[in-house]
file model00.csv (CSV, C-alpha atoms and all ligand atoms)
chain,number,residue,atom,x,y,z
O,1,MET,CA,-1.1,-64.2,28.9
O,2,LYS,CA,-2.9,-67.6,28.7
O,3,ALA,CA,-4.9,-69.0,31.6
O,4,ALA,CA,-7.7,-71.4,32.5
O,5,VAL,CA,-10.7,-69.1,32.5
O,6,VAL,CA,-14.0,-69.7,34.1
O,7,SER,CA,-16.7,-67.6,32.5
O,8,SER,CA,-19.7,-69.6,33.8
O,9,PHE,CA,-20.1,-71.7,36.9
O,10,ASP,CA,-21.9,-74.3,34.7
O,11,THR,CA,-19.0,-75.1,32.4
O,12,ALA,CA,-15.3,-76.2,32.8
O,13,PRO,CA,-12.6,-73.6,32.5
O,14,ARG,CA,-11.3,-72.9,29.0
O,15,TYR,CA,-7.8,-72.1,27.8
O,16,ALA,CA,-8.0,-68.4,26.9
O,17,ASP,CA,-6.4,-65.0,27.2
O,18,PHE,CA,-6.5,-63.2,30.5
O,19,PRO,CA,-5.1,-59.8,31.5
O,20,ASP,CA,-1.4,-59.9,32.6
O,21,PRO,CA,-1.1,-59.7,36.4
O,22,VAL,CA,0.4,-56.7,38.1
O,23,ALA,CA,1.9,-56.8,41.6
O,24,ALA,CA,0.6,-54.0,43.8
O,25,GLY,CA,1.4,-54.4,47.5
O,26,ARG,CA,4.8,-54.3,49.1
O,27,ASP,CA,4.8,-58.0,49.7
O,28,GLU,CA,3.4,-58.9,46.3
O,29,THR,CA,5.4,-60.3,43.4
O,30,VAL,CA,4.5,-61.9,40.0
O,31,VAL,CA,5.6,-65.5,39.6
O,32,SER,CA,5.8,-67.7,36.5
O,33,VAL,CA,3.6,-70.6,37.4
O,34,ILE,CA,5.1,-74.0,37.0
O,35,ALA,CA,2.6,-76.3,38.6
O,36,ALA,CA,-0.9,-75.9,40.1
O,37,GLY,CA,-2.9,-78.7,41.7
O,38,LEU,CA,-6.4,-79.5,40.5
O,39,HIS,CA,-7.8,-80.3,44.0
O,40,PRO,CA,-11.5,-80.9,44.8
O,41,ARG,CA,-11.4,-77.5,46.4
O,42,VAL,CA,-10.4,-76.0,43.1
O,43,ARG,CA,-13.3,-77.8,41.3
O,44,SER,CA,-15.7,-76.3,43.9
O,45,GLN,CA,-14.1,-72.9,43.4
O,46,ALA,CA,-14.6,-73.2,39.7
O,47,ASN,CA,-18.2,-74.2,39.9
O,48,GLY,CA,-19.1,-71.7,42.6
O,49,SER,CA,-20.1,-74.2,45.2
O,50,HIS,CA,-17.3,-73.7,47.8
O,51,TYR,CA,-18.4,-71.9,50.9
O,52,THR,CA,-15.9,-69.1,50.3
O,53,SER,CA,-17.3,-68.4,46.8
O,54,ALA,CA,-18.1,-64.7,46.2
O,55,GLY,CA,-19.8,-65.5,42.8
O,56,VAL,CA,-17.5,-63.2,40.8
O,57,LEU,CA,-16.7,-64.1,37.2
O,58,PRO,CA,-14.6,-64.4,35.1
O,59,LEU,CA,-12.1,-66.1,37.3
O,60,VAL,CA,-8.9,-68.1,37.0
O,61,PRO,CA,-9.1,-71.1,39.3
O,62,GLY,CA,-6.3,-72.5,41.5
O,63,ILE,CA,-5.7,-72.0,45.2
O,64,ASP,CA,-2.0,-72.8,45.4
O,65,GLY,CA,0.9,-73.8,43.2
O,66,VAL,CA,4.7,-73.7,42.6
O,67,GLY,CA,6.2,-70.8,40.6
O,68,ARG,CA,9.5,-69.1,39.9
O,69,ASP,CA,9.9,-65.6,41.3
O,70,PRO,CA,11.8,-62.8,39.6
O,71,ASP,CA,15.0,-63.7,41.7
O,72,GLY,CA,14.8,-67.2,40.3
O,73,ASN,CA,13.6,-68.8,43.5
O,74,LEU,CA,11.2,-71.8,43.3
O,75,ARG,CA,8.3,-71.0,45.7
O,76,TYR,CA,5.3,-72.9,46.9
O,77,PHE,CA,2.5,-70.3,47.4
O,78,VAL,CA,-1.1,-70.2,48.7
O,79,LEU,CA,-3.4,-67.6,47.2
O,80,GLU,CA,-6.1,-65.6,48.8
O,81,ASP,CA,-9.5,-66.2,47.3
O,82,ASP,CA,-9.5,-63.9,44.3
O,83,THR,CA,-10.4,-63.9,40.7
O,84,LEU,CA,-6.8,-64.6,39.7
O,85,GLY,CA,-5.8,-68.1,40.8
O,86,SER,CA,-2.8,-70.2,40.0
O,87,MET,CA,-3.9,-71.9,36.7
O,88,ALA,CA,-2.3,-69.2,34.5
O,89,GLU,CA,1.1,-68.5,33.0
O,90,ARG,CA,1.7,-65.9,35.7
O,91,THR,CA,0.0,-64.9,38.9
O,92,VAL,CA,0.5,-62.5,41.8
O,93,ILE,CA,1.6,-64.0,45.1
O,94,ASP,CA,2.0,-62.5,48.6
O,95,THR,CA,5.5,-63.7,49.5
O,96,ARG,CA,4.4,-64.0,53.2
O,97,ARG,CA,2.0,-66.7,52.0
O,98,SER,CA,4.8,-68.7,50.3
O,99,VAL,CA,7.9,-70.7,51.1
O,100,VAL,CA,11.1,-71.0,49.1
O,101,LEU,CA,11.7,-74.6,48.1
O,102,PRO,CA,15.1,-76.3,48.1
O,103,PRO,CA,16.9,-76.7,44.8
O,104,GLY,CA,16.0,-80.0,43.1
O,105,THR,CA,12.5,-80.0,44.5
O,106,ASP,CA,9.9,-81.6,42.1
O,107,PRO,CA,7.4,-78.8,41.6
O,108,VAL,CA,4.7,-81.1,40.3
O,109,MET,CA,4.9,-83.3,43.4
O,110,VAL,CA,4.7,-80.3,45.7
O,111,ALA,CA,1.8,-78.8,43.9
O,112,ALA,CA,0.0,-82.2,44.0
O,113,ALA,CA,0.7,-83.0,47.6
O,114,MET,CA,0.6,-79.8,49.7
O,115,ASN,CA,-3.2,-79.3,49.7
O,116,PRO,CA,-4.2,-82.9,50.5
O,117,ALA,CA,-1.4,-83.3,53.1
O,118,MET,CA,-2.2,-80.0,54.7
O,119,SER,CA,-5.7,-81.1,55.5
O,120,SER,CA,-4.6,-83.7,58.1
O,121,TRP,CA,-1.4,-81.9,59.1
O,122,ILE,CA,-3.3,-78.7,60.1
O,123,ALA,CA,-6.2,-80.7,61.7
O,124,LEU,CA,-3.8,-82.6,64.0
O,125,ARG,CA,-1.3,-79.8,64.7
O,126,GLN,CA,-3.6,-76.8,64.9
O,127,ARG,CA,-7.1,-77.9,65.7
O,128,ILE,CA,-6.4,-80.2,68.6
O,129,GLN,CA,-3.7,-81.0,71.2
O,130,PHE,CA,-2.6,-84.2,69.5
O,131,THR,CA,-0.6,-86.5,71.6
O,132,ALA,CA,1.8,-89.1,70.3
O,133,GLY,CA,0.5,-92.6,70.7
O,134,SER,CA,-3.2,-91.6,70.2
O,135,SER,CA,-5.2,-93.5,67.7
O,136,VAL,CA,-6.6,-92.0,64.6
O,137,LEU,CA,-9.4,-93.2,62.2
O,138,VAL,CA,-9.3,-91.8,58.7
O,139,LEU,CA,-12.8,-91.8,57.2
O,140,GLY,CA,-12.4,-91.8,53.4
O,141,ALA,CA,-8.9,-93.1,53.5
O,142,THR,CA,-8.7,-94.1,49.8
O,143,GLY,CA,-8.8,-90.6,48.4
O,144,ASN,CA,-5.8,-88.4,47.9
O,145,ALA,CA,-6.2,-86.5,51.2
O,146,GLY,CA,-7.2,-89.6,53.0
O,147,ARG,CA,-4.1,-91.5,51.9
O,148,MET,CA,-2.0,-88.5,53.0
O,149,ALA,CA,-3.8,-88.5,56.3
O,150,VAL,CA,-2.8,-92.1,57.0
O,151,GLN,CA,0.9,-91.1,56.3
O,152,VAL,CA,0.7,-87.8,58.2
O,153,ALA,CA,-0.9,-89.4,61.3
O,154,ARG,CA,1.9,-92.0,61.4
O,155,LEU,CA,4.5,-89.3,60.9
O,156,LEU,CA,3.1,-87.2,63.8
O,157,GLY,CA,3.2,-90.2,66.1
O,158,ALA,CA,-0.2,-91.9,66.0
O,159,GLY,CA,-0.1,-95.2,67.7
O,160,GLN,CA,-2.9,-96.8,65.7
O,161,VAL,CA,-4.2,-95.6,62.3
O,162,ILE,CA,-7.5,-97.2,61.2
O,163,ALA,CA,-8.1,-96.6,57.5
O,164,ALA,CA,-11.9,-96.6,56.7
O,165,ALA,CA,-13.3,-96.5,53.1
O,166,ARG,CA,-15.9,-98.2,50.9
O,167,ASN,CA,-13.5,-99.7,48.3
O,168,ALA,CA,-12.0,-103.0,49.6
O,169,GLU,CA,-9.4,-103.3,46.9
O,170,LEU,CA,-8.0,-99.8,47.5
O,171,LEU,CA,-8.3,-100.2,51.2
O,172,ALA,CA,-6.0,-103.3,51.0
O,173,GLY,CA,-3.2,-101.0,49.9
O,174,LEU,CA,-3.3,-98.7,52.9
O,175,PRO,CA,-1.3,-100.8,55.4
O,176,ALA,CA,1.7,-100.3,53.1
O,177,LEU,CA,1.3,-96.5,53.7
O,178,GLY,CA,1.1,-97.0,57.5
O,179,ALA,CA,-2.4,-98.0,58.4
O,180,THR,CA,-2.4,-100.4,61.3
O,181,SER,CA,-5.9,-101.8,60.5
O,182,THR,CA,-8.7,-101.2,57.9
O,183,LEU,CA,-12.4,-100.8,58.2
O,184,LEU,CA,-14.6,-101.5,55.1
O,185,LEU,CA,-17.6,-99.2,55.2
O,186,ASP,CA,-21.1,-100.3,54.5
O,187,PRO,CA,-24.4,-98.4,54.3
O,188,ASP,CA,-25.7,-100.7,57.0
O,189,ALA,CA,-24.6,-99.5,60.5
O,190,SER,CA,-24.9,-103.1,62.0
O,191,ALA,CA,-22.5,-104.4,59.3
O,192,VAL,CA,-20.0,-101.7,60.2
O,193,ALA,CA,-20.4,-102.5,63.9
O,194,GLY,CA,-19.6,-106.1,63.2
O,195,ARG,CA,-16.3,-105.1,61.5
O,196,LEU,CA,-15.0,-102.7,64.3
O,197,ASP,CA,-11.8,-104.0,65.8
O,198,GLN,CA,-10.6,-103.0,69.2
O,199,ALA,CA,-8.5,-100.1,67.8
O,200,ALA,CA,-11.5,-98.7,66.1
O,201,THR,CA,-13.8,-98.9,69.1
O,202,GLU,CA,-11.1,-97.1,71.2
O,203,VAL,CA,-10.2,-94.5,68.6
O,204,ASP,CA,-9.3,-91.0,69.9
O,205,VAL,CA,-9.5,-88.9,66.8
O,206,VAL,CA,-11.5,-89.2,63.6
O,207,LEU,CA,-10.4,-87.3,60.5
O,208,ASP,CA,-13.5,-87.2,58.4
O,209,TYR,CA,-13.2,-86.6,54.6
O,210,LEU,CA,-16.7,-87.9,53.8
O,211,TRP,CA,-19.4,-86.5,56.1
O,212,GLY,CA,-22.9,-87.3,54.8
O,213,GLN,CA,-24.4,-90.7,55.4
O,214,PRO,CA,-21.1,-92.5,55.9
O,215,ALA,CA,-20.3,-90.3,58.9
O,216,ALA,CA,-23.7,-90.8,60.5
O,217,THR,CA,-23.5,-94.6,59.9
O,218,LEU,CA,-20.0,-94.9,61.4
O,219,LEU,CA,-21.1,-92.9,64.5
O,220,THR,CA,-24.2,-95.0,64.9
O,221,ALA,CA,-22.0,-98.1,64.8
O,222,LEU,CA,-19.1,-96.7,66.9
O,223,ILE,CA,-20.7,-95.0,69.9
O,224,PRO,CA,-22.5,-98.0,71.4
O,225,ALA,CA,-19.3,-100.1,70.8
O,226,ARG,CA,-17.1,-98.0,73.0
O,227,ALA,CA,-16.2,-99.8,76.2
O,228,ASP,CA,-15.7,-96.5,78.1
O,229,ALA,CA,-18.5,-94.2,76.8
O,230,SER,CA,-17.0,-91.1,78.3
O,231,ARG,CA,-13.5,-91.6,76.7
O,232,PRO,CA,-12.9,-88.5,74.7
O,233,LEU,CA,-13.5,-88.9,71.0
O,234,THR,CA,-12.7,-85.9,68.8
O,235,TRP,CA,-14.3,-86.0,65.3
O,236,ILE,CA,-12.7,-83.5,62.9
O,237,GLU,CA,-14.8,-82.7,59.9
O,238,ILE,CA,-12.5,-82.0,56.9
O,239,GLY,CA,-14.2,-82.8,53.7
O,240,SER,CA,-17.7,-83.6,52.5
O,241,VAL,CA,-17.4,-85.8,49.4
O,242,ALA,CA,-20.3,-87.9,50.5
O,243,GLY,CA,-22.7,-85.1,51.4
O,244,GLN,CA,-22.9,-81.5,52.7
O,245,VAL,CA,-25.3,-82.6,55.4
O,246,ALA,CA,-25.1,-85.6,57.7
O,247,PRO,CA,-28.0,-87.0,59.8
O,248,ILE,CA,-26.1,-87.3,63.1
O,249,PRO,CA,-28.1,-89.1,65.7
O,250,SER,CA,-28.6,-86.8,68.8
O,251,ALA,CA,-27.9,-89.7,71.1
O,252,ALA,CA,-24.4,-90.0,69.8
O,253,LEU,CA,-23.6,-86.6,71.3
O,254,ARG,CA,-25.2,-87.5,74.7
O,255,ALA,CA,-24.0,-91.0,75.0
O,256,ALA,CA,-20.3,-90.5,74.5
O,257,GLY,CA,-17.4,-88.1,75.2
O,258,LEU,CA,-17.8,-86.9,71.6
O,259,GLN,CA,-16.7,-83.5,70.4
O,260,MET,CA,-17.3,-82.6,66.8
O,261,ILE,CA,-15.2,-79.8,65.2
O,262,GLY,CA,-14.1,-78.9,61.7
O,263,SER,CA,-10.8,-78.0,60.2
O,264,GLY,CA,-10.4,-75.7,57.1
O,265,GLN,CA,-10.2,-72.1,55.9
O,266,GLY,CA,-11.8,-70.0,58.7
O,267,SER,CA,-11.6,-72.4,61.6
O,268,VAL,CA,-7.8,-72.1,61.6
O,269,PRO,CA,-6.2,-68.6,61.5
O,270,ALA,CA,-4.4,-68.0,58.2
O,271,ARG,CA,-1.2,-67.2,60.1
O,272,ALA,CA,-1.3,-70.6,61.8
O,273,ILE,CA,-1.7,-72.3,58.4
O,274,LEU,CA,1.2,-70.3,57.0
O,275,ALA,CA,3.4,-71.2,59.9
O,276,GLU,CA,3.0,-74.9,59.0
O,277,LEU,CA,4.0,-74.4,55.3
O,278,PRO,CA,7.8,-74.7,55.7
O,279,GLU,CA,7.9,-77.9,57.6
O,280,LEU,CA,5.3,-79.6,55.5
O,281,ALA,CA,6.9,-78.4,52.3
O,282,GLY,CA,10.2,-79.8,53.6
O,283,GLU,CA,8.7,-83.2,54.2
O,284,ILE,CA,7.1,-83.3,50.7
O,285,SER,CA,10.3,-82.1,49.1
O,286,GLN,CA,12.2,-84.9,50.8
O,287,GLY,CA,9.7,-87.4,49.3
O,288,THR,CA,8.2,-88.4,52.8
O,289,PHE,CA,4.7,-88.9,51.3
O,290,GLY,CA,3.6,-90.8,48.3
O,291,ILE,CA,1.0,-89.4,45.9
O,292,ASP,CA,-0.2,-90.6,42.5
O,293,VAL,CA,0.1,-87.6,40.2
O,294,ARG,CA,-0.4,-86.7,36.5
O,295,ALA,CA,0.9,-83.5,35.0
O,296,VAL,CA,-1.3,-81.9,32.3
O,297,PRO,CA,-0.4,-78.8,30.1
O,298,LEU,CA,-2.4,-75.7,30.7
O,299,ALA,CA,-3.7,-75.8,27.1
O,300,ASP,CA,-5.5,-79.1,28.0
O,301,VAL,CA,-7.2,-77.7,31.1
O,302,GLU,CA,-10.8,-78.4,29.8
O,303,GLN,CA,-10.0,-82.1,29.2
O,304,ALA,CA,-8.2,-82.2,32.6
O,305,TRP,CA,-11.4,-81.0,34.3
O,306,ALA,CA,-13.4,-83.8,32.8
O,307,ASP,CA,-10.7,-86.3,33.7
O,308,ALA,CA,-10.5,-85.0,37.3
O,309,ALA,CA,-14.1,-85.9,38.0
O,310,ARG,CA,-13.4,-89.7,37.4
O,311,SER,CA,-9.6,-90.0,38.0
O,312,ARG,CA,-8.0,-91.2,41.2
O,313,GLN,CA,-4.8,-89.4,40.3
O,314,ARG,CA,-4.2,-85.9,41.5
O,315,ILE,CA,-4.0,-83.8,38.3
O,316,VAL,CA,-1.5,-81.0,38.2
O,317,ILE,CA,-1.8,-78.2,35.6
O,318,THR,CA,1.6,-77.2,34.3
O,319,PRO,CA,1.5,-73.7,32.7
O,320,GLY,CA,5.3,-73.4,32.5
O,321,PRO,CA,8.4,-75.5,32.0
M,401,LIG,N1,-10.6,-78.8,55.1
M,401,LIG,C1,-9.4,-78.9,54.4
M,401,LIG,O1,-8.4,-78.3,54.9
M,401,LIG,C2,-9.3,-79.7,53.2
M,401,LIG,C3,-8.1,-79.8,52.5
M,401,LIG,C4,-8.0,-80.7,51.4
M,401,LIG,C5,-9.1,-81.4,51.0
M,401,LIG,N2,-10.3,-81.3,51.7
M,401,LIG,C6,-11.5,-82.0,51.3
M,401,LIG,O2,-11.3,-83.4,51.6
M,401,LIG,C7,-12.1,-84.1,50.7
M,401,LIG,C8,-11.4,-85.2,50.0
M,401,LIG,O3,-10.4,-84.7,49.2
M,401,LIG,P1,-9.4,-85.6,48.3
M,401,LIG,O4,-8.4,-84.8,47.8
M,401,LIG,O5,-9.0,-86.8,49.1
M,401,LIG,O6,-10.5,-86.1,47.2
M,401,LIG,P2,-10.4,-87.3,46.2
M,401,LIG,O7,-8.9,-87.7,46.0
M,401,LIG,O8,-11.2,-87.0,45.1
M,401,LIG,O9,-11.0,-88.5,47.0
M,401,LIG,C9,-12.3,-88.6,47.4
M,401,LIG,C10,-12.6,-89.9,48.1
M,401,LIG,O10,-13.9,-89.9,48.5
M,401,LIG,C11,-14.5,-91.2,48.4
M,401,LIG,N3,-15.9,-91.1,48.3
M,401,LIG,C12,-16.6,-90.3,47.5
M,401,LIG,N4,-17.9,-90.5,47.7
M,401,LIG,C13,-18.0,-91.4,48.7
M,401,LIG,C14,-19.1,-92.0,49.4
M,401,LIG,N5,-20.4,-91.7,49.1
M,401,LIG,N6,-18.9,-92.9,50.4
M,401,LIG,C15,-17.6,-93.2,50.7
M,401,LIG,N7,-16.5,-92.7,50.1
M,401,LIG,C16,-16.7,-91.8,49.1
M,401,LIG,C17,-13.8,-91.8,47.2
M,401,LIG,O11,-13.9,-93.1,47.5
M,401,LIG,P3,-13.6,-94.3,46.4
M,401,LIG,O12,-12.1,-94.4,46.4
M,401,LIG,O13,-14.3,-95.4,47.0
M,401,LIG,O14,-14.2,-93.8,45.1
M,401,LIG,C18,-12.5,-91.2,47.2
M,401,LIG,O15,-11.5,-92.0,47.8
M,401,LIG,C19,-12.7,-83.1,49.7
M,401,LIG,O16,-14.0,-82.7,50.2
M,401,LIG,C20,-11.8,-81.9,49.8
M,401,LIG,O17,-12.4,-80.7,49.5
M,401,LIG,C21,-10.4,-80.4,52.8

call {"tool": "encode", "arguments": {"input": "model00.csv", "output": "structure tokens"}}
result
Amino acid sequence: MKAAVVSSFDTAPRYADFPDPVAAGRDETVVSVIAAGLHPRVRSQANGSHYTSAGVLPLVPGIDGVGRDPDGNLRYFVLEDDTLGSMAERTVIDTRRSVVLPPGTDPVMVAAAMNPAMSSWIALRQRIQFTAGSSVLVLGATGNAGRMAVQVARLLGAGQVIAAARNAELLAGLPALGATSTLLLDPDASAVAGRLDQAATEVDVVLDYLWGQPAATLLTALIPARADASRPLTWIEIGSVAGQVAPIPSAALRAAGLQMIGSGQGSVPARAILAELPELAGEISQGTFGIDVRAVPLADVEQAWADAARSRQRIVITPGP
């Protein structure tokens, strides 16, 4: 069969032949892949930089997707980290890690939206006891996952959603998605401090997609601005597009009711993630969340990789009809 094949962590996947998959376990089945999202997580899988990488090549990238099973059902599936991912004409899924989608579902939309939406959905539903009416700040709100986080937080009952990002033009579009206020980031902590509104200073939960310097700068600005220093503030680290390491000031942890945790593969049990799939897939199938998506045929995967590095759209590879 044809697949996107990574033969070196230094080069983009190529459209090439790959051995046909064979289902082995009782719960395994081969699906014809219709759509597979090219998420940042997939890029880091393909270049070997993700923390789950085992360094084994060749591999077919893709951590999730939508496919047709032998009974004709349309399924959204999540794959275990393996050398056979979803960017292939066919792949093997564990049906326990999948959900049957209702007829009429747009497979490209589901493949685009599940991963970015899951990041905030799981963080708010599985990593903390999130209470309706709480306020949420999304750090990195203009990315695909950040834009989803704004919508997910509102759907889950957040009272205030503060969208924080560095791009003023894109930030201005976030109130239309449900943000109740915006915060323009700046490398200078005092500039950020001057822009904090009351909702931001009293925020309960931060969903952090950036980490690196922007996280440290926001903390430096935010902690002294809190009227009640011991008011609980839960900082959930989800992504690290701005840096794998953040210079967090030690005083931030002493001077406030700050708890820092993360949400991702490993910090949430797989069964808890799987339990959330049906409801989230249902919301996406109904069109609850908006995402800007572009479908690209599997044969053009190499070009798609180059485009993904500079595109704001979520690219979805479409091996099948
Ligand atoms: N833990 C999980 O469960 C989970 C699940 C899904 C995704 N993630 C992670 O979440 C992160 C974001 O994913 P995504 O799908 O939203 O990616 P994306 O669509 O590529 O968006 C990335 C965003 O990061 C912003 N950005 C990049 N460098 C920045 C910097 N130095 N300062 C400020 N902003 C910066 C960009 O801002 P501009 O708009 O200004 O360019 C862009 O909006 C990734 O690290 C991804 O791996 C984690």

call {"tool": "residues_near_ligand", "arguments": {"input": "model00.csv", "ligand": "ligand LIG 401 (chain M)", "cutoff": "7 Å", "atoms": "all atoms listed in the file", "output": "PyMOL selection string"}}
result
chain O and resi 39-41+115-116+118-119+140-146+165-167+170+209-210+214+238-242+263-265+312+314

call {"tool": "write_last_selection", "arguments": {"input": "model00.csv", "atoms": "C-alpha atoms", "output": "CSV table (one decimal), in the coordinates of the input"}}
result
chain,number,residue,atom,x,y,z
O,39,HIS,CA,-7.8,-80.3,44.0
O,40,PRO,CA,-11.5,-80.9,44.8
O,41,ARG,CA,-11.4,-77.5,46.4
O,115,ASN,CA,-3.2,-79.3,49.7
O,116,PRO,CA,-4.2,-82.9,50.5
O,118,MET,CA,-2.2,-80.0,54.7
O,119,SER,CA,-5.7,-81.1,55.5
O,140,GLY,CA,-12.4,-91.8,53.4
O,141,ALA,CA,-8.9,-93.1,53.5
O,142,THR,CA,-8.7,-94.1,49.8
O,143,GLY,CA,-8.8,-90.6,48.4
O,144,ASN,CA,-5.8,-88.4,47.9
O,145,ALA,CA,-6.2,-86.5,51.2
O,146,GLY,CA,-7.2,-89.6,53.0
O,165,ALA,CA,-13.3,-96.5,53.1
O,166,ARG,CA,-15.9,-98.2,50.9
O,167,ASN,CA,-13.5,-99.7,48.3
O,170,LEU,CA,-8.0,-99.8,47.5
O,209,TYR,CA,-13.2,-86.6,54.6
O,210,LEU,CA,-16.7,-87.9,53.8
O,214,PRO,CA,-21.1,-92.5,55.9
O,238,ILE,CA,-12.5,-82.0,56.9
O,239,GLY,CA,-14.2,-82.8,53.7
O,240,SER,CA,-17.7,-83.6,52.5
O,241,VAL,CA,-17.4,-85.8,49.4
O,242,ALA,CA,-20.3,-87.9,50.5
O,263,SER,CA,-10.8,-78.0,60.2
O,264,GLY,CA,-10.4,-75.7,57.1
O,265,GLN,CA,-10.2,-72.1,55.9
O,312,ARG,CA,-8.0,-91.2,41.2
O,314,ARG,CA,-4.2,-85.9,41.5

call {"tool": "residues_around", "arguments": {"input": "model00.csv", "residues": "Thr11 (chain O)", "least_positions_apart": "4", "cutoff": "12 Å", "atoms": "all atoms listed in the file", "output": "JSON list (two decimals) with C-alpha atoms, keeping the file's coordinate frame"}}
result
[["chain", "number", "residue", "atom", "x", "y", "z"],
["O", 4, "ALA", "CA", -7.70, -71.40, 32.50],
["O", 5, "VAL", "CA", -10.70, -69.10, 32.50],
["O", 6, "VAL", "CA", -14.00, -69.70, 34.10],
["O", 7, "SER", "CA", -16.70, -67.60, 32.50],
["O", 43, "ARG", "CA", -13.30, -77.80, 41.30],
["O", 46, "ALA", "CA", -14.60, -73.20, 39.70],
["O", 47, "ASN", "CA", -18.20, -74.20, 39.90],
["O", 48, "GLY", "CA", -19.10, -71.70, 42.60],
["O", 58, "PRO", "CA", -14.60, -64.40, 35.10],
["O", 302, "GLU", "CA", -10.80, -78.40, 29.80],
["O", 303, "GLN", "CA", -10.00, -82.10, 29.20],
["O", 305, "TRP", "CA", -11.40, -81.00, 34.30],
["O", 306, "ALA", "CA", -13.40, -83.80, 32.80]]

call {"tool": "residues_around", "arguments": {"input": "model00.csv", "residues": "Asp17 (chain O)", "least_positions_apart": "3", "cutoff": "7 Å", "atoms": "only C-alpha atoms", "output": "PyMOL selection string"}}
result
chain O and resi 1-3

call {"tool": "closest_residue", "arguments": {"input": "model00.csv", "among": "O:Arg294, O:Arg147, O:Arg310, O:Arg97", "to": "Ala270 (chain O)", "atoms": "all atoms listed in the file"}}
result
O:Arg97

call {"tool": "residues_around", "arguments": {"input": "model00.csv", "residues": "Gln259 (chain O)", "least_positions_apart": "5", "cutoff": "10 Å", "atoms": "all atoms listed in the file", "output": "ChimeraX atom specification"}}
result
/O:205,232-236,253

call {"tool": "closest_residue", "arguments": {"input": "model00.csv", "among": "O:Ile291, O:Ala229, O:Leu280, O:Val161", "to": "Tyr76 (chain O)", "atoms": "only C-alpha atoms"}}
result
O:Leu280
